[in-house]
Each structure stands twice: as C-alpha cells, then as structure tokens.
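Engineer: Got a structure for you, data-v3.pdb, holding PDB, C-alpha atoms.
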ATOM      1  CA  MET I   1      -9.234   5.066 -11.636  1.00  0.00           C
ATOM      2  CA  ILE I   2      -8.366   3.940  -8.096  1.00  0.00           C
ATOM      3  CA  TYR I   3      -5.456   6.404  -8.006  1.00  0.00           C
ATOM      4  CA  LEU I   4      -7.711   9.253  -9.097  1.00  0.00           C
ATOM      5  CA  ALA I   5     -10.284   8.401  -6.432  1.00  0.00           C
ATOM      6  CA  ALA I   6      -7.559   8.109  -3.769  1.00  0.00           C
ATOM      7  CA  THR I   7      -6.063  11.455  -4.767  1.00  0.00           C
ATOM      8  CA  GLU I   8      -9.476  13.105  -4.490  1.00  0.00           C
ATOM      9  CA  ILE I   9      -9.963  11.599  -1.027  1.00  0.00           C
ATOM     10  CA  ALA I  10      -6.454  12.597   0.075  1.00  0.00           C
ATOM     11  CA  ASP I  11      -7.082  16.164  -1.089  1.00  0.00           C
ATOM     12  CA  LYS I  12     -10.323  16.529   0.906  1.00  0.00           C
ATOM     13  CA  PRO I  13      -9.739  19.038   3.701  1.00  0.00           C
ATOM     14  CA  ALA I  14     -12.410  17.617   5.996  1.00  0.00           C
ATOM     15  CA  ASP I  15     -11.729  14.724   8.326  1.00  0.00           C
ATOM     16  CA  THR I  16     -13.981  12.053   6.939  1.00  0.00           C
ATOM     17  CA  SER I  17     -14.240   8.729   8.634  1.00  0.00           C
ATOM     18  CA  ALA I  18     -16.095   7.076   5.784  1.00  0.00           C
ATOM     19  CA  LEU I  19     -15.130   3.431   5.556  1.00  0.00           C
ATOM     20  CA  GLU I  20     -15.265   3.650   1.765  1.00  0.00           C
ATOM     21  CA  ASP I  21     -12.586   6.358   1.753  1.00  0.00           C
ATOM     22  CA  LYS I  22     -10.331   4.295   3.987  1.00  0.00           C
ATOM     23  CA  VAL I  23     -10.758   1.223   1.778  1.00  0.00           C
ATOM     24  CA  VAL I  24      -9.968   3.192  -1.402  1.00  0.00           C
ATOM     25  CA  LEU I  25      -6.875   4.738   0.187  1.00  0.00           C
ATOM     26  CA  SER I  26      -5.701   1.348   1.470  1.00  0.00           C
ATOM     27  CA  ILE I  27      -6.048  -0.269  -1.950  1.00  0.00           C
ATOM     28  CA  ALA I  28      -4.300   2.642  -3.683  1.00  0.00           C
ATOM     29  CA  ILE I  29      -1.452   2.587  -1.144  1.00  0.00           C
ATOM     30  CA  ARG I  30      -0.856  -1.114  -1.759  1.00  0.00           C
ATOM     31  CA  LEU I  31      -1.021  -0.738  -5.521  1.00  0.00           C
ATOM     32  CA  LYS I  32       1.333   2.260  -5.606  1.00  0.00           C
ATOM     33  CA  ALA I  33       3.820   0.477  -3.340  1.00  0.00           C
ATOM     34  CA  GLU I  34       3.683  -2.602  -5.572  1.00  0.00           C
ATOM     35  CA  ASP I  35       4.115  -0.520  -8.738  1.00  0.00           C
ATOM     36  CA  PHE I  36       7.178   1.113  -7.190  1.00  0.00           C
ATOM     37  CA  MET I  37       8.760  -2.197  -6.151  1.00  0.00           C
ATOM     38  CA  ILE I  38       8.012  -3.912  -9.453  1.00  0.00           C
ATOM     39  CA  SER I  39       9.654  -1.101 -11.406  1.00  0.00           C
ATOM     40  CA  LYS I  40      12.715  -1.059  -9.117  1.00  0.00           C
ATOM     41  CA  ILE I  41      13.162  -4.850  -9.039  1.00  0.00           C
ATOM     42  CA  ASN I  42      12.687  -4.998 -12.813  1.00  0.00           C
ATOM     43  CA  ASP I  43      12.300  -8.782 -13.031  1.00  0.00           C
ATOM     44  CA  GLU I  44       9.122  -9.641 -14.910  1.00  0.00           C
ATOM     45  CA  SER I  45       9.454 -13.407 -14.475  1.00  0.00           C
ATOM     46  CA  PHE I  46       9.768 -12.966 -10.701  1.00  0.00           C
ATOM     47  CA  TRP I  47       6.735 -10.725 -10.499  1.00  0.00           C
ATOM     48  CA  HIS I  48       4.583 -12.972 -12.687  1.00  0.00           C
ATOM     49  CA  GLY I  49       5.615 -15.974 -10.578  1.00  0.00           C
ATOM     50  CA  ILE I  50       4.135 -14.602  -7.358  1.00  0.00           C
ATOM     51  CA  SER I  51       1.118 -16.731  -6.452  1.00  0.00           C
ATOM     52  CA  SER I  52       0.201 -15.339  -3.022  1.00  0.00           C
ATOM     53  CA  ASN I  53       1.077 -12.604  -0.531  1.00  0.00           C
ATOM     54  CA  GLN I  54       2.149 -10.354  -3.383  1.00  0.00           C
ATOM     55  CA  THR I  55       3.061  -7.235  -1.414  1.00  0.00           C
ATOM     56  CA  THR I  56       4.943  -9.171   1.253  1.00  0.00           C
ATOM     57  CA  THR I  57       6.859 -11.133  -1.385  1.00  0.00           C
ATOM     58  CA  LEU I  58       7.755  -7.940  -3.241  1.00  0.00           C
ATOM     59  CA  VAL I  59       8.908  -6.246  -0.019  1.00  0.00           C
ATOM     60  CA  LYS I  60      11.162  -9.201   0.819  1.00  0.00           C
ATOM     61  CA  ARG I  61      12.730  -9.136  -2.640  1.00  0.00           C
ATOM     62  CA  PHE I  62      13.098  -5.338  -2.492  1.00  0.00           C
ATOM     63  CA  LYS I  63      14.908  -5.630   0.845  1.00  0.00           C
ATOM     64  CA  ASP I  64      17.217  -8.306  -0.595  1.00  0.00           C
ATOM     65  CA  ASP I  65      17.972  -6.324  -3.765  1.00  0.00           C
ATOM     66  CA  PHE I  66      18.181  -2.831  -2.230  1.00  0.00           C
ATOM     67  CA  PRO I  67      19.342  -3.191   1.401  1.00  0.00           C
ATOM     68  CA  GLY I  68      20.782   0.328   1.420  1.00  0.00           C
ATOM     69  CA  GLU I  69      17.474   2.032   0.658  1.00  0.00           C
ATOM     70  CA  LYS I  70      16.499   2.216   4.331  1.00  0.00           C
ATOM     71  CA  LYS I  71      13.997   5.074   3.938  1.00  0.00           C
ATOM     72  CA  ASP I  72      12.023   3.238   1.233  1.00  0.00           C
ATOM     73  CA  ILE I  73      12.198  -0.024   3.197  1.00  0.00           C
ATOM     74  CA  ARG I  74      10.760   1.677   6.295  1.00  0.00           C
ATOM     75  CA  LEU I  75       7.942   3.106   4.174  1.00  0.00           C
ATOM     76  CA  LEU I  76       7.184  -0.264   2.583  1.00  0.00           C
ATOM     77  CA  ASP I  77       7.144  -1.895   6.026  1.00  0.00           C
ATOM     78  CA  GLN I  78       4.657   0.767   7.079  1.00  0.00           C
ATOM     79  CA  VAL I  79       2.489  -0.084   4.048  1.00  0.00           C
ATOM     80  CA  ASN I  80       2.489  -3.748   5.102  1.00  0.00           C
ATOM     81  CA  LEU I  81       1.632  -2.817   8.669  1.00  0.00           C
ATOM     82  CA  MET I  82      -1.106  -0.253   8.032  1.00  0.00           C
ATOM     83  CA  THR I  83      -2.961  -1.639   5.031  1.00  0.00           C
ATOM     84  CA  PRO I  84      -4.465  -5.124   4.951  1.00  0.00           C
ATOM     85  CA  GLU I  85      -3.265  -7.583   2.312  1.00  0.00           C
ATOM     86  CA  ASN I  86      -6.829  -8.760   1.662  1.00  0.00           C
ATOM     87  CA  ILE I  87      -9.857  -6.514   1.745  1.00  0.00           C
ATOM     88  CA  HIS I  88     -13.118  -8.455   1.803  1.00  0.00           C
ATOM     89  CA  LEU I  89     -16.725  -7.450   2.056  1.00  0.00           C
ATOM     90  CA  ASN I  90     -16.908  -9.233   5.422  1.00  0.00           C
ATOM     91  CA  SER I  91     -17.118  -6.573   8.087  1.00  0.00           C
ATOM     92  CA  PHE I  92     -14.507  -8.179  10.359  1.00  0.00           C
ATOM     93  CA  MET I  93     -11.866  -7.677   7.654  1.00  0.00           C
ATOM     94  CA  TYR I  94     -12.398  -3.918   7.900  1.00  0.00           C
ATOM     95  CA  GLU I  95     -11.489  -3.712  11.578  1.00  0.00           C
ATOM     96  CA  PRO I  96      -7.809  -2.789  11.035  1.00  0.00           C
ATOM     97  CA  ILE I  97      -8.885  -0.011   8.650  1.00  0.00           C
ATOM     98  CA  LEU I  98     -11.591   1.236  11.005  1.00  0.00           C
ATOM     99  CA  ASP I  99      -9.051   1.622  13.795  1.00  0.00           C
ATOM    100  CA  LEU I 100      -6.811   3.858  11.664  1.00  0.00           C
ATOM    101  CA  SER I 101      -7.278   7.562  11.399  1.00  0.00           C
ATOM    102  CA  ILE I 102      -7.982   8.829   7.892  1.00  0.00           C
ATOM    103  CA  HIS I 103      -5.113  11.265   8.483  1.00  0.00           C
ATOM    104  CA  HIS I 104      -2.656   8.371   8.836  1.00  0.00           C
ATOM    105  CA  LEU I 105      -3.853   6.821   5.582  1.00  0.00           C
ATOM    106  CA  LYS I 106      -3.724  10.161   3.757  1.00  0.00           C
ATOM    107  CA  LYS I 107      -0.179  10.746   4.987  1.00  0.00           C
ATOM    108  CA  LEU I 108       0.918   7.239   3.976  1.00  0.00           C
ATOM    109  CA  PHE I 109      -0.716   7.639   0.569  1.00  0.00           C
ATOM    110  CA  ALA I 110       1.165  10.907   0.000  1.00  0.00           C
ATOM    111  CA  LYS I 111       4.484   9.275   0.918  1.00  0.00           C
ATOM    112  CA  VAL I 112       3.920   6.248  -1.310  1.00  0.00           C
ATOM    113  CA  ASP I 113       2.647   8.477  -4.128  1.00  0.00           C
ATOM    114  CA  ALA I 114       5.937  10.396  -3.978  1.00  0.00           C
ATOM    115  CA  LEU I 115       8.066   7.256  -4.554  1.00  0.00           C
TER     116      LEU I 115
END
Let's see the structure in the file written out as structure tokens.

Structural biologist:
Amino acid sequence: MIYLAATEIADKPADTSALEDKVVLSIAIRLKAEDFMISKINDESFWHGISSNQTTTLVKRFKDDFPGEKKDIRLLDQVNLMTPENIHLNSFMYEPILDLSIHHLKKLFAKVDAL
C-alpha cells in the first residue's frame, strides 16, 4: 500500500510541498532500498538478527558483500542521507524532510524503485 501511495505521489505533475507526501515518499524509499539489499544479500538469519539501525546495518553489509557495485552503493548512501531512519509524529523529527524539495524525493524514489 505504501508503494502504491508513493507511486501516485511521484507521478503527480504539480510541485506539492505537503508534508504527508514527503513522509510517504521517505518511508517508501527506505523500504524499497531495504527490500533490494535484503534480496541481494540473501541471508535470512542476518536480516532477522538486526535489532536496530536496520537500513544502516544493511548498507554496511551490502558494501562488504558487493564492493564493486559502486553505483548502487552511492544510491544507498543517498537514501541514508536524505531519508530519516526514524519518522515520528514529533514535529522536530520532520525538519530534515521539510528542508528537502519534493523533486529530490521523487527523483530518489524513482532511482530506488528501478533497483
């Protein structure tokens, strides 16, 4: 459902600055990046053993296992940089998302969606 909502937002031609759209895109970007890494790493016991900082842990393992995949590593680093690990209902947690243009999130979502 989150992927469908993110795709609809990404396909909107208008430049919307709605916080809700940015949050949905950020969550979908993280989830898609994690899905990609989990499928590439293909180690269920490793993935199930992650207790915190899931995306960061997956990126580290991906870099260790696939050091030659520079393009994907750069994209995953961008995911870590542009989308917050934790999205809370506290307004101060939204500040990094508020500072980003919706265009940047749409572009990142499209790149991660293509993995």

Engineer: Between I:Asn53, I:Val24, I:Ser39, I:His103, which one has atoms that come closest to I:Glu8, using all atoms listed in the file?

Structural biologist: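 Using all atoms listed in the file, I:Glu8 sits closest to I:Val24.
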
Engineer: I'd like the residues picked by the PyMOL selection byres ((chain I and resi 56) around 10) written out as a list in words, using the chain letters and numbers from the file.

Structural biologist: Glu34, Ser52, Asn53, Gln54, Thr55, Thr57, Leu58, Val59, Lys60, Arg61, Phe62, Leu76, Asp77, Val79, Asn80 and Glu85 of chain I

Engineer: Separation of atom CA of I:Arg30 and atom CA of I:Lys71, in Å?

Structural biologist: 17.1 Å

Engineer: Mind checking which residues fall within 12 Å of I:Lys12, counting all atoms listed in the file, ignoring those fewer than 4 positions away in the same chain, and posting them as a PyMOL selection string?

Structural biologist: chain I and resi 5-8+16-17+21+102-103+106

Engineer: Closest to I:Ile9 among I:Met82, I:Leu115, I:Ala110, I:Leu75, using all atoms listed in the file?

Structural biologist: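 That would be I:Ala110, the residue with the smallest distance to I:Ile9.
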
Engineer: Mind giving me the straight-line distance from atom CA of I:Leu81 to atom CA of I:Lys40 in Å, one decimal?

Structural biologist: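 A separation of 21.0 Å between them.
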
Engineer: With distances taken over all atoms listed in the file, which of I:Met37, I:Ala10, I:Leu19, I:Ile2 is nearest to I:Lys63?

Structural biologist: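 The answer is I:Met37, which sits nearest to I:Lys63.
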
Engineer: For this structure, which residues satisfy the selection - the PyMOL selection byres ((chain I and resi 29) around 9) - when it is evaluated on the file as given? I want them as a list in words.

Structural biologist: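 After applying the PyMOL selection byres ((chain I and resi 29) around 9), what remains is Tyr3, Ala6, Val24, Leu25, Ser26, Ile27, Ala28, Arg30, Leu31, Lys32, Ala33, Glu34, Val79, Thr83, Leu105, Leu108, Phe109, Ala110, Val112 and Asp113 of chain I.
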
Engineer: I'd like the interatomic distance between atom CA of I:Lys107 and atom CA of I:Gly68, to a tenth of an Å.

Structural biologist: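 For atom CA of I:Lys107 relative to atom CA of I:Gly68, the distance reads 23.7 Å.
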
Engineer: Could you work out an axis-aligned bounding box for all listed atoms of stretch 65-84 of chain I, with 5 Å added on each of the six sides, and give its centre and edge lengths in Å to one decimal, as JSON?

Structural biologist:
{"center_x": 8.2, "center_y": -0.6, "center_z": 2.5, "size_x": 35.2, "size_y": 21.4, "size_z": 22.4}
